[in-house]
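Q: Pasting a structure here, questions to come.
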Amino acid sequence: MPGTAEKGDLFGGRTALADADHDGRAELYVSAYGENTYDGAVWAFRSTSTGPTATGSVSFGPAGVGAPVTDAWFGYGLGR
(Lines give C-alpha, C1' and ligand atoms only; values in the text may rest on other atoms or scores of the structure.)
Protein backbone atom coordinates (compact mmCIF):
# COMPACT_ATOMS: atom_id res chain seq x y z
CA MET A 1 0.00 0.00 0.00
CA PRO A 2 1.55 3.35 -0.96
CA GLY A 3 2.28 5.96 1.71
CA THR A 4 3.34 5.97 5.33
CA ALA A 5 1.05 5.88 8.35
CA GLU A 6 1.43 8.88 10.63
CA LYS A 7 -0.32 9.79 13.85
CA GLY A 8 -3.43 11.87 13.15
CA ASP A 9 -3.91 10.82 9.50
CA LEU A 10 -7.32 9.31 10.35
CA PHE A 11 -6.79 6.55 7.78
CA GLY A 12 -10.11 4.77 7.35
CA GLY A 13 -12.09 7.70 8.73
CA ARG A 14 -14.30 7.36 5.67
CA THR A 15 -14.72 4.41 3.29
CA ALA A 16 -16.76 3.62 0.20
CA LEU A 17 -17.31 0.80 -2.25
CA ALA A 18 -17.87 1.64 -5.92
CA ASP A 19 -17.50 -0.20 -9.21
CA ALA A 20 -15.64 2.64 -10.90
CA ASP A 21 -14.19 0.49 -13.68
CA HIS A 22 -17.51 -1.28 -14.40
CA ASP A 23 -16.11 -4.80 -14.11
CA GLY A 24 -18.90 -5.99 -11.82
CA ARG A 25 -16.76 -5.81 -8.66
CA ALA A 26 -16.68 -2.86 -6.27
CA GLU A 27 -13.33 -1.23 -5.54
CA LEU A 28 -12.60 -0.08 -1.98
CA TYR A 29 -11.85 3.61 -1.40
CA VAL A 30 -10.39 4.67 1.94
CA SER A 31 -9.74 8.22 3.06
CA ALA A 32 -7.27 9.72 5.49
CA TYR A 33 -8.67 13.21 5.67
CA GLY A 34 -6.17 14.14 8.41
CA GLU A 35 -3.20 13.41 6.08
CA ASN A 36 -0.62 16.23 5.97
CA THR A 37 -2.36 18.33 8.60
CA TYR A 38 -5.85 17.90 7.15
CA ASP A 39 -4.99 18.34 3.48
CA GLY A 40 -6.31 14.76 3.11
CA ALA A 41 -5.82 11.81 0.77
CA VAL A 42 -7.75 8.86 -0.66
CA TRP A 43 -6.51 5.33 -1.40
CA ALA A 44 -8.10 3.19 -4.11
CA PHE A 45 -7.84 -0.59 -3.72
CA ARG A 46 -8.50 -2.81 -6.73
CA SER A 47 -11.02 -5.59 -6.38
CA THR A 48 -10.36 -9.23 -7.19
CA SER A 49 -12.66 -12.22 -7.29
CA THR A 50 -11.83 -12.78 -3.60
CA GLY A 51 -12.09 -9.14 -2.44
CA PRO A 52 -9.99 -5.95 -2.25
CA THR A 53 -6.21 -6.10 -2.64
CA ALA A 54 -3.43 -3.64 -1.86
CA THR A 55 -1.57 -4.87 -4.96
CA GLY A 56 -1.79 -2.11 -7.53
CA SER A 57 -3.46 0.30 -5.11
CA VAL A 58 -2.97 4.02 -5.62
CA SER A 59 -3.35 7.11 -3.47
CA PHE A 60 -4.12 10.67 -4.42
CA GLY A 61 -4.74 13.96 -2.73
CA PRO A 62 -6.39 17.25 -3.58
CA ALA A 63 -3.49 18.47 -5.75
CA GLY A 64 -3.85 15.35 -7.92
CA VAL A 65 -7.37 16.34 -8.91
CA GLY A 66 -6.75 20.08 -9.17
CA ALA A 67 -8.50 20.96 -5.90
CA PRO A 68 -7.32 23.47 -3.30
CA VAL A 69 -4.77 21.75 -1.06
CA THR A 70 -4.33 23.54 2.27
CA ASP A 71 -6.71 22.19 4.92
CA ALA A 72 -8.86 20.61 2.21
CA TRP A 73 -10.01 17.66 4.37
CA PHE A 74 -9.88 15.75 1.08
CA GLY A 75 -11.79 12.49 1.45
CA TYR A 76 -13.92 13.64 4.37
CA GLY A 77 -17.12 13.45 2.31
CA LEU A 78 -16.29 9.98 0.96
CA GLY A 79 -19.07 7.50 1.56
CA ARG A 80 -21.48 10.03 3.03
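Ligands are numbered from 1 in the order shown, chains are lettered A, B, ... in the order of the C-alpha coordinates, and residues start at 1 in each chain.
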Using DSSP on the backbone coordinates, identify the residues of chain A assigned to strand (DSSP E or B); present them as a PyMOL selection string.

A: chain A and resi 11-18+27-32+40+42-48+51-60+74

Q: Residues within 8 Å of A:Leu10, please, as an MDAnalysis selection string. Count only C-alpha atoms; anything in the same chain fewer than 4 positions from it doesn't count.

A: chainID A and resid 31:35

Q: Which residues are near A:Arg80? Cut-off 12 Å, only C-alpha atoms, ignore same chain within fewer than 3 positions. Put them as a PyMOL selection string.

A: chain A and resi 13-17+31+75-77

Q: Of the candidates A:Asn36, A:Val42, A:Thr48, A:Val58, which one gets nearest to A:Asp71 if we count only C-alpha atoms?

A: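 Closest candidate: A:Asn36.
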
Q: Go through A:Ala54, A:Gly40, A:Glu27, A:Ala20 and flag the residue nearest A:Ala67, using only C-alpha atoms for the distances.

A: A:Gly40

Q: For A:Ser47, please output as a PyMOL selection string all residues within 7 Å (counting only C-alpha atoms; exclusion window: fewer than 3 positions along the same chain).

A: chain A and resi 25-27+51-53

Q: Taking into account only C-alpha atoms, which residue in the set A:Ala44, A:Pro68, A:Ala5, A:Ser59 is nearest to A:Ala18?

A: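 Closest candidate: A:Ala44.
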